[in-house]
file run26.cif (mmCIF, C-alpha atoms and all ligand atoms)
data_run
loop_
_atom_site.label_atom_id
_atom_site.label_comp_id
_atom_site.auth_asym_id
_atom_site.auth_seq_id
_atom_site.Cartn_x
_atom_site.Cartn_y
_atom_site.Cartn_z
CA MET A 194 29.06 3.80 -0.48
CA SER A 195 25.96 5.02 -2.27
CA GLY A 196 24.56 7.75 0.02
CA GLY A 197 21.05 6.31 -0.24
CA LEU A 198 18.79 5.06 2.54
CA LEU A 199 19.41 1.49 3.61
CA GLY A 200 17.90 1.26 7.08
CA ILE A 201 16.59 3.05 10.13
CA GLU A 202 19.34 1.54 12.25
CA ASP A 203 21.89 3.78 10.46
CA LEU A 204 19.92 7.02 10.86
CA SER A 205 20.33 9.47 13.72
CA ARG A 206 17.35 10.85 15.57
CA GLU A 207 18.01 14.24 13.93
CA GLU A 208 18.00 12.75 10.42
CA ILE A 209 14.69 11.01 11.11
CA GLU A 210 13.17 14.20 12.54
CA ALA A 211 14.24 16.15 9.44
CA ILE A 212 12.56 13.63 7.11
CA LEU A 213 9.35 13.60 9.18
CA GLU A 214 9.25 17.39 9.30
CA ARG A 215 9.80 17.72 5.55
CA ALA A 216 7.07 15.11 4.95
CA ARG A 217 4.65 17.46 6.73
CA ASP A 218 5.20 20.04 3.99
CA PHE A 219 4.43 17.42 1.36
CA GLN A 220 1.35 16.17 3.26
CA ARG A 221 -0.27 19.60 2.80
CA VAL A 222 0.38 19.53 -0.94
CA GLN A 223 -1.56 16.28 -1.33
CA HIS A 224 -4.80 18.18 -0.73
CA GLN A 225 -4.13 20.77 -3.43
CA THR A 226 -5.43 20.48 -6.98
CA VAL A 227 -1.92 20.81 -8.41
CA LYS A 228 0.38 18.48 -6.48
CA LYS A 229 3.52 18.78 -8.54
CA PHE A 230 6.86 20.52 -7.84
CA ASP A 231 9.96 21.19 -9.88
CA LEU A 232 12.32 20.25 -7.04
CA LEU A 233 13.80 17.22 -8.80
CA ARG A 234 13.19 18.19 -12.43
CA GLY A 235 15.50 16.37 -14.82
CA ARG A 236 16.34 13.64 -12.28
CA MET A 237 15.54 9.95 -12.79
CA VAL A 238 14.44 7.33 -10.25
CA VAL A 239 14.35 3.60 -11.09
CA ASN A 240 12.08 1.38 -8.99
CA LEU A 241 13.36 -2.19 -9.09
CA PHE A 242 11.07 -4.63 -7.32
CA PHE A 243 12.00 -8.31 -6.98
CA GLU A 244 8.99 -8.90 -4.70
CA SER A 245 5.33 -7.93 -5.06
CA SER A 246 4.24 -4.50 -3.89
CA THR A 247 1.24 -2.22 -4.26
CA ARG A 248 1.80 0.53 -1.70
CA THR A 249 5.58 1.00 -1.72
CA ARG A 250 6.14 0.79 -5.45
CA THR A 251 3.22 3.00 -6.41
CA SER A 252 3.95 5.61 -3.76
CA PHE A 253 7.64 5.85 -4.69
CA GLU A 254 6.60 6.36 -8.32
CA ILE A 255 4.01 9.00 -7.40
CA ALA A 256 6.47 10.67 -5.02
CA ALA A 257 9.16 10.94 -7.72
CA LYS A 258 6.68 12.35 -10.24
CA ARG A 259 5.25 14.86 -7.76
CA LEU A 260 8.78 16.16 -7.22
CA GLY A 261 9.18 16.61 -10.97
CA ALA A 262 11.50 13.63 -11.47
CA ASP A 263 11.02 10.89 -14.04
CA ALA A 264 10.30 7.42 -12.68
CA VAL A 265 10.55 3.96 -14.24
CA SER A 266 9.28 0.84 -12.49
CA ILE A 267 10.65 -2.61 -13.20
CA THR A 268 9.54 -5.93 -11.73
CA ALA A 269 11.68 -9.06 -11.67
CA SER A 270 9.17 -11.06 -13.73
CA GLY A 271 9.21 -8.48 -16.53
CA SER A 272 13.00 -8.03 -16.54
CA SER A 273 15.98 -10.03 -17.76
CA VAL A 274 16.28 -11.50 -14.24
CA SER A 275 13.72 -14.02 -15.52
CA LYS A 276 16.31 -14.97 -18.20
CA GLY A 277 18.95 -15.73 -15.58
CA GLU A 278 20.73 -12.37 -15.22
CA SER A 279 22.37 -12.01 -11.81
CA LEU A 280 21.46 -9.32 -9.29
CA VAL A 281 24.85 -7.59 -9.68
CA ASP A 282 24.63 -7.61 -13.50
CA THR A 283 21.06 -6.29 -13.37
CA LEU A 284 22.05 -3.42 -11.07
CA ASN A 285 25.18 -2.58 -13.08
CA THR A 286 23.06 -2.54 -16.25
CA LEU A 287 20.55 -0.13 -14.73
CA ALA A 288 23.29 2.02 -13.19
CA ALA A 289 24.89 2.34 -16.66
CA MET A 290 21.78 4.27 -17.74
CA ARG A 291 22.68 6.88 -15.12
CA PRO A 292 19.59 7.05 -12.92
CA ASP A 293 19.94 9.36 -9.91
CA ALA A 294 18.64 6.74 -7.47
CA ILE A 295 17.52 3.10 -7.47
CA VAL A 296 14.65 2.11 -5.17
CA MET A 297 14.97 -1.59 -4.55
CA ARG A 298 12.95 -4.37 -2.92
CA HIS A 299 14.47 -7.83 -2.63
CA ALA A 300 13.68 -11.08 -0.81
CA ALA A 301 17.27 -11.42 0.48
CA SER A 302 18.12 -9.58 3.69
CA GLY A 303 21.12 -7.34 3.06
CA ALA A 304 20.83 -7.30 -0.76
CA PRO A 305 20.70 -3.46 -1.03
CA HIS A 306 23.56 -3.11 1.47
CA PHE A 307 25.71 -5.49 -0.56
CA LEU A 308 25.01 -3.62 -3.81
CA ALA A 309 25.52 -0.20 -2.24
CA ARG A 310 29.15 -1.14 -1.59
CA TYR A 311 29.80 -1.45 -5.33
CA LEU A 312 27.53 1.11 -6.99
CA ASP A 313 27.88 4.87 -7.08
CA THR A 314 24.13 5.24 -7.64
CA PRO A 315 22.28 5.84 -4.33
CA ILE A 316 20.09 2.89 -3.31
CA ILE A 317 16.91 3.29 -1.30
CA ASN A 318 15.83 0.13 0.49
CA ALA A 319 12.15 -0.58 -0.18
CA GLY A 320 12.27 -3.75 1.94
CA ASP A 321 15.00 -6.40 2.14
CA GLY A 322 13.90 -9.87 3.24
CA THR A 323 13.17 -9.99 6.95
CA HIS A 324 15.66 -7.20 7.69
CA GLU A 325 14.40 -3.61 7.22
CA HIS A 326 11.69 -1.55 5.53
CA PRO A 327 12.88 1.94 6.49
CA THR A 328 10.33 4.07 4.64
CA GLN A 329 7.51 2.04 6.22
CA ALA A 330 8.77 2.90 9.72
CA LEU A 331 9.12 6.56 8.70
CA LEU A 332 5.55 6.74 7.38
CA ASP A 333 4.33 4.91 10.48
CA ALA A 334 6.05 7.49 12.69
CA ARG A 335 4.60 10.33 10.58
CA THR A 336 1.13 8.79 11.03
CA ILE A 337 1.48 8.43 14.81
CA LEU A 338 2.79 12.00 15.08
CA ASP A 339 -0.23 13.28 13.13
CA HIS A 340 -2.26 12.15 16.17
CA ARG A 341 0.19 12.47 19.08
CA ALA A 342 2.58 15.25 20.12
CA THR A 343 5.52 12.91 20.69
CA LEU A 344 6.62 9.29 20.41
CA GLU A 345 8.25 9.42 23.83
CA ASN A 346 6.69 7.02 26.35
CA LEU A 347 3.99 5.84 23.94
CA ARG A 348 3.18 2.17 24.44
CA VAL A 349 3.30 0.55 21.00
CA ALA A 350 2.16 -3.08 20.73
CA ILE A 351 3.51 -4.77 17.59
CA ILE A 352 1.56 -7.99 17.10
CA GLY A 353 1.81 -10.90 14.70
CA ASP A 354 4.53 -12.53 12.64
CA ILE A 355 7.46 -10.73 14.27
CA ALA A 356 10.03 -13.30 13.13
CA HIS A 357 9.62 -12.56 9.43
CA SER A 358 8.78 -8.86 9.65
CA ARG A 359 11.10 -6.16 8.30
CA VAL A 360 8.39 -3.68 9.31
CA ALA A 361 8.73 -4.76 12.96
CA ARG A 362 12.52 -4.39 12.89
CA SER A 363 12.53 -0.93 11.33
CA ASN A 364 9.81 0.24 13.71
CA MET A 365 11.68 -1.17 16.71
CA TYR A 366 14.80 0.77 15.71
CA LEU A 367 12.89 3.99 15.11
CA LEU A 368 10.53 3.88 18.07
CA SER A 369 13.25 3.02 20.54
CA LYS A 370 15.42 5.93 19.28
CA PHE A 371 12.54 8.20 20.33
CA GLY A 372 11.82 6.64 23.73
CA ALA A 373 8.62 4.76 22.88
CA ARG A 374 7.86 1.60 24.87
CA VAL A 375 7.65 -1.25 22.36
CA VAL A 376 5.91 -4.54 23.21
CA LEU A 377 6.31 -7.42 20.76
CA CYS A 378 3.62 -10.10 20.73
CA GLY A 379 3.02 -13.20 18.65
CA PRO A 380 2.81 -16.98 18.83
CA PRO A 381 6.02 -18.60 20.17
CA ALA A 382 6.98 -19.88 16.70
CA LEU A 383 6.85 -16.32 15.31
CA LEU A 384 8.38 -14.42 18.24
CA PRO A 385 12.09 -15.21 18.60
CA MET A 386 13.36 -14.16 22.04
CA GLU A 387 16.57 -12.70 20.55
CA MET A 388 14.48 -9.92 18.94
CA ALA A 389 14.50 -8.20 22.34
CA GLN A 390 18.25 -7.58 21.87
CA LEU A 391 17.76 -5.44 18.75
CA ALA A 392 16.84 -2.28 20.61
CA PRO A 393 16.77 -1.14 24.24
CA GLY A 394 13.66 -1.57 26.41
CA ILE A 395 11.77 -4.07 24.23
CA GLU A 396 9.09 -6.13 26.07
CA MET A 397 7.90 -9.50 24.78
CA THR A 398 4.73 -11.46 25.44
CA PHE A 399 2.81 -14.33 23.86
CA ASN A 400 -0.42 -12.98 25.33
CA MET A 401 -2.25 -10.54 23.08
CA ARG A 402 -4.40 -9.04 25.85
CA ASP A 403 -1.27 -8.26 27.91
CA ALA A 404 0.31 -6.58 24.89
CA ILE A 405 -2.74 -4.42 24.18
CA ALA A 406 -3.44 -3.39 27.80
CA GLY A 407 -2.89 0.38 27.97
CA ALA A 408 -1.52 0.60 24.42
CA ASP A 409 -1.42 3.95 22.61
CA VAL A 410 -0.79 2.23 19.30
CA ILE A 411 -1.59 -1.30 18.11
CA MET A 412 0.46 -2.20 15.06
CA MET A 413 -0.76 -5.43 13.49
CA LEU A 414 1.52 -7.36 11.11
CA ARG A 415 0.75 -9.54 8.12
CA VAL A 416 1.46 -13.25 8.47
CA GLN A 417 4.29 -13.64 5.93
CA LEU A 418 3.34 -17.01 4.46
CA GLU A 419 5.89 -16.54 1.66
CA ARG A 420 8.73 -16.56 4.22
CA GLN A 421 7.44 -19.40 6.44
CA HIS A 422 8.93 -22.79 5.75
CA GLU A 423 7.19 -24.55 8.62
CA THR A 424 3.50 -25.54 8.43
CA PRO A 425 1.56 -22.30 8.88
CA PHE A 426 -1.18 -21.86 11.45
CA PRO A 427 -4.68 -22.56 10.13
CA PRO A 428 -6.15 -19.03 9.55
CA ASN A 429 -9.05 -19.56 11.98
CA GLU A 430 -6.76 -20.69 14.78
CA TYR A 431 -4.39 -17.76 14.21
CA PHE A 432 -7.28 -15.29 14.25
CA GLN A 433 -8.65 -16.81 17.47
CA PHE A 434 -5.40 -16.17 19.38
CA TYR A 435 -3.69 -13.29 17.52
CA GLY A 436 -6.39 -11.61 15.44
CA LEU A 437 -7.41 -8.11 16.54
CA ARG A 438 -11.15 -7.86 17.27
CA LEU A 439 -13.37 -5.10 18.62
CA GLU A 440 -13.39 -6.73 22.06
CA HIS A 441 -9.63 -6.02 22.31
CA ILE A 442 -9.91 -2.31 21.61
CA SER A 443 -11.39 -1.50 25.03
CA LEU A 444 -8.23 -2.88 26.70
CA ALA A 445 -6.12 -0.16 25.06
CA LYS A 446 -6.14 3.62 25.67
CA PRO A 447 -9.47 5.19 24.60
CA ASP A 448 -7.79 7.04 21.70
CA VAL A 449 -5.71 4.06 20.56
CA LEU A 450 -4.49 4.04 16.95
CA VAL A 451 -4.84 0.78 15.01
CA MET A 452 -2.17 0.41 12.33
CA HIS A 453 -1.20 -2.19 9.75
CA PRO A 454 1.45 -1.81 7.02
CA GLY A 455 -0.73 -3.71 4.55
CA PRO A 456 -1.66 -5.68 2.67
CA ILE A 457 -4.23 -6.64 5.31
CA ASN A 458 -5.84 -10.05 5.54
CA ARG A 459 -9.28 -9.53 7.04
CA GLY A 460 -10.28 -12.45 9.27
CA ARG A 461 -6.66 -13.50 9.77
CA GLU A 462 -4.81 -10.55 11.37
CA LEU A 463 -7.76 -8.31 12.19
CA SER A 464 -11.52 -8.30 11.85
CA SER A 465 -13.24 -6.16 9.24
CA ASP A 466 -14.98 -4.05 11.88
CA VAL A 467 -11.59 -3.15 13.40
CA ALA A 468 -9.99 -2.49 9.99
CA ASP A 469 -12.82 -0.08 9.17
CA SER A 470 -13.22 1.39 12.68
CA ARG A 471 -12.65 5.01 13.64
CA GLN A 472 -9.47 3.91 15.47
CA SER A 473 -7.99 2.56 12.25
CA VAL A 474 -5.40 4.79 10.54
CA ILE A 475 -4.45 2.19 7.93
CA LEU A 476 -5.36 4.37 4.95
CA ASN A 477 -3.67 7.39 6.59
CA GLN A 478 -0.50 5.27 6.59
CA VAL A 479 -0.91 4.70 2.85
CA GLU A 480 -1.49 8.41 2.22
CA ASN A 481 1.56 9.35 4.30
CA GLY A 482 3.64 6.89 2.29
CA VAL A 483 3.68 9.36 -0.60
CA ALA A 484 4.67 12.38 1.52
CA VAL A 485 7.39 10.50 3.40
CA ARG A 486 8.83 9.03 0.20
CA MET A 487 8.89 12.51 -1.35
CA ALA A 488 10.95 13.67 1.65
CA VAL A 489 13.28 10.67 1.33
CA LEU A 490 13.79 11.11 -2.43
CA GLU A 491 14.47 14.81 -2.00
CA LYS A 492 17.04 14.12 0.73
CA VAL A 493 18.80 11.34 -1.19
CA LEU A 494 18.84 13.05 -4.59
CA ASN A 495 19.92 16.40 -3.26
CA LYS A 496 22.84 14.69 -1.55
CA SER A 497 23.91 12.79 -4.67
N1 LIG B 501 3.54 -2.09 3.36
C1 LIG B 501 4.05 -2.51 2.19
O1 LIG B 501 5.26 -2.62 2.02
O2 LIG B 501 3.10 -2.80 1.26
P1 LIG B 501 3.42 -3.30 -0.22
O3 LIG B 501 4.01 -4.68 -0.11
O4 LIG B 501 2.09 -3.28 -0.94
O5 LIG B 501 4.42 -2.35 -0.81
#

call {"tool": "encode", "arguments": {"input": "run26.cif", "output": "structure tokens"}}
result
Amino acid sequence: MSGGLLGIEDLSREEIEAILERARDFQRVQHQTVKKFDLLRGRMVVNLFFESSTRTRTSFEIAAKRLGADAVSITASGSSVSKGESLVDTLNTLAAMRPDAIVMRHAASGAPHFLARYLDTPIINAGDGTHEHPTQALLDARTILDHRATLENLRVAIIGDIAHSRVARSNMYLLSKFGARVVLCGPPALLPMEMAQLAPGIEMTFNMRDAIAGADVIMMLRVQLERQHETPFPPNEYFQFYGLRLEHISLAKPDVLVMHPGPINRGRELSSDVADSRQSVILNQVENGVAVRMAVLEKVLNKS
């Protein structure tokens, strides 16, 4: 077992609190002229991304460098995977170069868990298929807690392509550990009823207005066209029924937070005026991604 970070489901409430608290220290540093520490000097982090990423890959790389570690980023298209090398051989090859951690994104659910059983190098899950995206849920929690004293009893509406969303799953696990009231909403084809079993107290609705009524947080999700095998909804039709518009905001609490893990598709999941509104904390989420990933790297590398 690698001692990395594979999912939120495996973390205790105390472990999550410790990461979020440490991320607060790193948040403050982001506003200083010199943002670099020596905490992980001489350590090496390899980012191995088999799927596209802007936010996660860049922020892990920045996080490692701000902690004084060296970071190397590899994408599947630029690696020997494109010459037919298997996942196990690729990971064994990288592990032979003795990195201190491997940050990995893969389209297959469970891929990092499978590899963690065989490698001594700690693996940090940067998103596996439709399963989990643990650092996204941690940065989302950090962002909510920057605006609210507690997660307990907050009504969090998660809206969109729930079926294919690792962000939804990790957030459900985290939010329910802290007593938030999670409402899942999406079109019937993208909202499997069995999702309610994943965590206690999950509500489900197909009606967006019902989901948003009284919400403290509205978390919109990207429509994951790359994971949909059925004919996707025409964008205009999806936006009409499940796109967040200004008219919806008044149904929520007056100080509602609008979130989206990104990348956002304006005019499909939310309107431009909502994305750029004062309620939107989408760029705060991105900023917190660096601080939270610094806290995660520090925890994982100091353990290894
Ligand atoms: N939220 C997120 O995972 O974004 P990227 O795909 O750009 O990393």

call {"tool": "closest_residue", "arguments": {"input": "run26.cif", "among": "A:Val489, A:Ala319, A:Leu437, A:Ile405", "to": "ligand LIG 501 (chain B)", "atoms": "all atoms listed in the file"}}
result
A:Ala319

call {"tool": "atom_distance", "arguments": {"input": "run26.cif", "atom1": "atom CA of A:Phe371", "atom2": "atom CA of A:Val485"}}
result
17.8 Å

call {"tool": "closest_atom_pairs", "arguments": {"input": "run26.cif", "of": "chain A", "to": "ligand LIG 501 (chain B)", "cutoff": "8 Å", "atoms": "all atoms listed in the file", "output": "tab-separated table"}}
result
residue	atom	partner	partner_atom	distance
A:Glu244	CA	B:LIG501	O3	8.0
A:Ser245	CA	B:LIG501	O3	6.1
A:Ser246	CA	B:LIG501	O5	3.8
A:Thr247	CA	B:LIG501	O4	3.6
A:Arg248	CA	B:LIG501	O4	3.9
A:Thr249	CA	B:LIG501	O5	3.7
A:Arg250	CA	B:LIG501	O5	5.9
A:Thr251	CA	B:LIG501	O5	7.8
A:Ala319	CA	B:LIG501	O1	7.5
A:Gly320	CA	B:LIG501	O1	7.1
A:His326	CA	B:LIG501	O1	7.4
A:Gln329	CA	B:LIG501	N1	6.4
A:Val360	CA	B:LIG501	N1	7.8
A:His453	CA	B:LIG501	N1	8.0
A:Pro454	CA	B:LIG501	N1	4.2
A:Gly455	CA	B:LIG501	N1	4.7
A:Pro456	CA	B:LIG501	O4	5.7

call {"tool": "residues_around", "arguments": {"input": "run26.cif", "residues": "stretch 427-436 of chain A", "least_positions_apart": "5", "cutoff": "10 Å", "atoms": "only C-alpha atoms", "output": "PyMOL selection string"}}
result
chain A and resi 352-354+378-380+399-402+413-414+416+441+458-464

call {"tool": "closest_residue", "arguments": {"input": "run26.cif", "among": "A:Leu199, A:Met365, A:Leu439, A:Ala406", "to": "A:Leu308", "atoms": "all atoms listed in the file"}}
result
A:Leu199

call {"tool": "atom_distance", "arguments": {"input": "run26.cif", "atom1": "atom CA of A:Gly394", "atom2": "atom CA of A:Lys370"}}
result
10.5 Å

call {"tool": "atom_distance", "arguments": {"input": "run26.cif", "atom1": "atom CA of A:Glu480", "atom2": "atom CA of A:Arg335"}}
result
10.5 Å

call {"tool": "residues_around", "arguments": {"input": "run26.cif", "residues": "A:Leu391", "least_positions_apart": "2", "cutoff": "10 Å", "atoms": "only C-alpha atoms", "output": "ChimeraX atom specification"}}
result
/A:202,362,365-366,369,387-389,393-395

call {"tool": "residues_around", "arguments": {"input": "run26.cif", "residues": "A:Leu204", "least_positions_apart": "3", "cutoff": "12 Å", "atoms": "all atoms listed in the file", "output": "MDAnalysis selection string"}}
result
chainID A and resid 196:201 207:212 327:328 330:331 363 366:367 370

call {"tool": "closest_residue", "arguments": {"input": "run26.cif", "among": "A:Ile317, A:Leu312, A:Val474, A:Val274", "to": "A:Lys492", "atoms": "only C-alpha atoms"}}
result
A:Ile317

call {"tool": "residues_around", "arguments": {"input": "run26.cif", "residues": "A:Pro315", "least_positions_apart": "3", "cutoff": "9 Å", "atoms": "only C-alpha atoms", "output": "PyMOL selection string"}}
result
chain A and resi 194-198+293-296+309+312+493-494+497

call {"tool": "closest_residue", "arguments": {"input": "run26.cif", "among": "A:Leu347, A:Leu284, A:Met297, A:Ile475", "to": "A:Ala445", "atoms": "only C-alpha atoms"}}
result
A:Leu347

call {"tool": "closest_residue", "arguments": {"input": "run26.cif", "among": "A:Leu287, A:Ala404, A:Leu476, A:Ala488", "to": "A:Ile442", "atoms": "all atoms listed in the file"}}
result
A:Ala404

call {"tool": "build_atoms", "arguments": {"input": "run26.cif", "residues": "stretch 465-479 of chain A", "atoms": "N, CA, C and O atoms", "output": "PDB file, keeping the file's coordinate frame"}}
result
ATOM      1  N   SER A 465     -12.839  -7.252  10.124  1.00  0.00           N
ATOM      2  CA  SER A 465     -13.240  -6.160   9.240  1.00  0.00           C
ATOM      3  C   SER A 465     -13.726  -4.955  10.041  1.00  0.00           C
ATOM      4  O   SER A 465     -13.436  -3.810   9.671  1.00  0.00           O
ATOM      5  N   ASP A 466     -14.457  -5.214  11.140  1.00  0.00           N
ATOM      6  CA  ASP A 466     -14.980  -4.050  11.880  1.00  0.00           C
ATOM      7  C   ASP A 466     -13.860  -3.251  12.539  1.00  0.00           C
ATOM      8  O   ASP A 466     -13.968  -2.039  12.703  1.00  0.00           O
ATOM      9  N   VAL A 467     -12.744  -3.900  12.879  1.00  0.00           N
ATOM     10  CA  VAL A 467     -11.590  -3.150  13.400  1.00  0.00           C
ATOM     11  C   VAL A 467     -10.869  -2.416  12.258  1.00  0.00           C
ATOM     12  O   VAL A 467     -10.522  -1.239  12.379  1.00  0.00           O
ATOM     13  N   ALA A 468     -10.691  -3.108  11.132  1.00  0.00           N
ATOM     14  CA  ALA A 468      -9.990  -2.490   9.990  1.00  0.00           C
ATOM     15  C   ALA A 468     -10.702  -1.213   9.533  1.00  0.00           C
ATOM     16  O   ALA A 468     -10.062  -0.252   9.115  1.00  0.00           O
ATOM     17  N   ASP A 469     -12.026  -1.219   9.651  1.00  0.00           N
ATOM     18  CA  ASP A 469     -12.820  -0.080   9.170  1.00  0.00           C
ATOM     19  C   ASP A 469     -13.281   0.832  10.307  1.00  0.00           C
ATOM     20  O   ASP A 469     -14.125   1.705  10.096  1.00  0.00           O
ATOM     21  N   SER A 470     -12.743   0.624  11.510  1.00  0.00           N
ATOM     22  CA  SER A 470     -13.220   1.390  12.680  1.00  0.00           C
ATOM     23  C   SER A 470     -12.646   2.808  12.685  1.00  0.00           C
ATOM     24  O   SER A 470     -11.710   3.113  11.938  1.00  0.00           O
ATOM     25  N   ARG A 471     -13.160   3.636  13.564  1.00  0.00           N
ATOM     26  CA  ARG A 471     -12.650   5.010  13.640  1.00  0.00           C
ATOM     27  C   ARG A 471     -11.235   5.026  14.227  1.00  0.00           C
ATOM     28  O   ARG A 471     -10.495   5.982  14.040  1.00  0.00           O
ATOM     29  N   GLN A 472     -10.846   3.961  14.925  1.00  0.00           N
ATOM     30  CA  GLN A 472      -9.470   3.910  15.470  1.00  0.00           C
ATOM     31  C   GLN A 472      -8.449   3.560  14.399  1.00  0.00           C
ATOM     32  O   GLN A 472      -7.251   3.754  14.581  1.00  0.00           O
ATOM     33  N   SER A 473      -8.921   3.030  13.282  1.00  0.00           N
ATOM     34  CA  SER A 473      -7.990   2.560  12.250  1.00  0.00           C
ATOM     35  C   SER A 473      -7.405   3.730  11.460  1.00  0.00           C
ATOM     36  O   SER A 473      -8.134   4.590  10.952  1.00  0.00           O
ATOM     37  N   VAL A 474      -6.077   3.751  11.350  1.00  0.00           N
ATOM     38  CA  VAL A 474      -5.400   4.790  10.540  1.00  0.00           C
ATOM     39  C   VAL A 474      -4.658   4.128   9.363  1.00  0.00           C
ATOM     40  O   VAL A 474      -3.675   4.673   8.854  1.00  0.00           O
ATOM     41  N   ILE A 475      -5.160   2.971   8.956  1.00  0.00           N
ATOM     42  CA  ILE A 475      -4.450   2.190   7.930  1.00  0.00           C
ATOM     43  C   ILE A 475      -4.360   2.958   6.605  1.00  0.00           C
ATOM     44  O   ILE A 475      -3.301   2.976   5.959  1.00  0.00           O
ATOM     45  N   LEU A 476      -5.423   3.619   6.214  1.00  0.00           N
ATOM     46  CA  LEU A 476      -5.360   4.370   4.950  1.00  0.00           C
ATOM     47  C   LEU A 476      -4.581   5.676   5.115  1.00  0.00           C
ATOM     48  O   LEU A 476      -4.012   6.180   4.143  1.00  0.00           O
ATOM     49  N   ASN A 477      -4.546   6.220   6.342  1.00  0.00           N
ATOM     50  CA  ASN A 477      -3.670   7.390   6.590  1.00  0.00           C
ATOM     51  C   ASN A 477      -2.220   6.983   6.393  1.00  0.00           C
ATOM     52  O   ASN A 477      -1.400   7.765   5.897  1.00  0.00           O
ATOM     53  N   GLN A 478      -1.869   5.761   6.804  1.00  0.00           N
ATOM     54  CA  GLN A 478      -0.500   5.270   6.590  1.00  0.00           C
ATOM     55  C   GLN A 478      -0.188   5.255   5.092  1.00  0.00           C
ATOM     56  O   GLN A 478       0.884   5.690   4.671  1.00  0.00           O
ATOM     57  N   VAL A 479      -1.134   4.761   4.305  1.00  0.00           N
ATOM     58  CA  VAL A 479      -0.910   4.700   2.850  1.00  0.00           C
ATOM     59  C   VAL A 479      -0.713   6.119   2.298  1.00  0.00           C
ATOM     60  O   VAL A 479       0.219   6.387   1.535  1.00  0.00           O
TER      61      VAL A 479
END
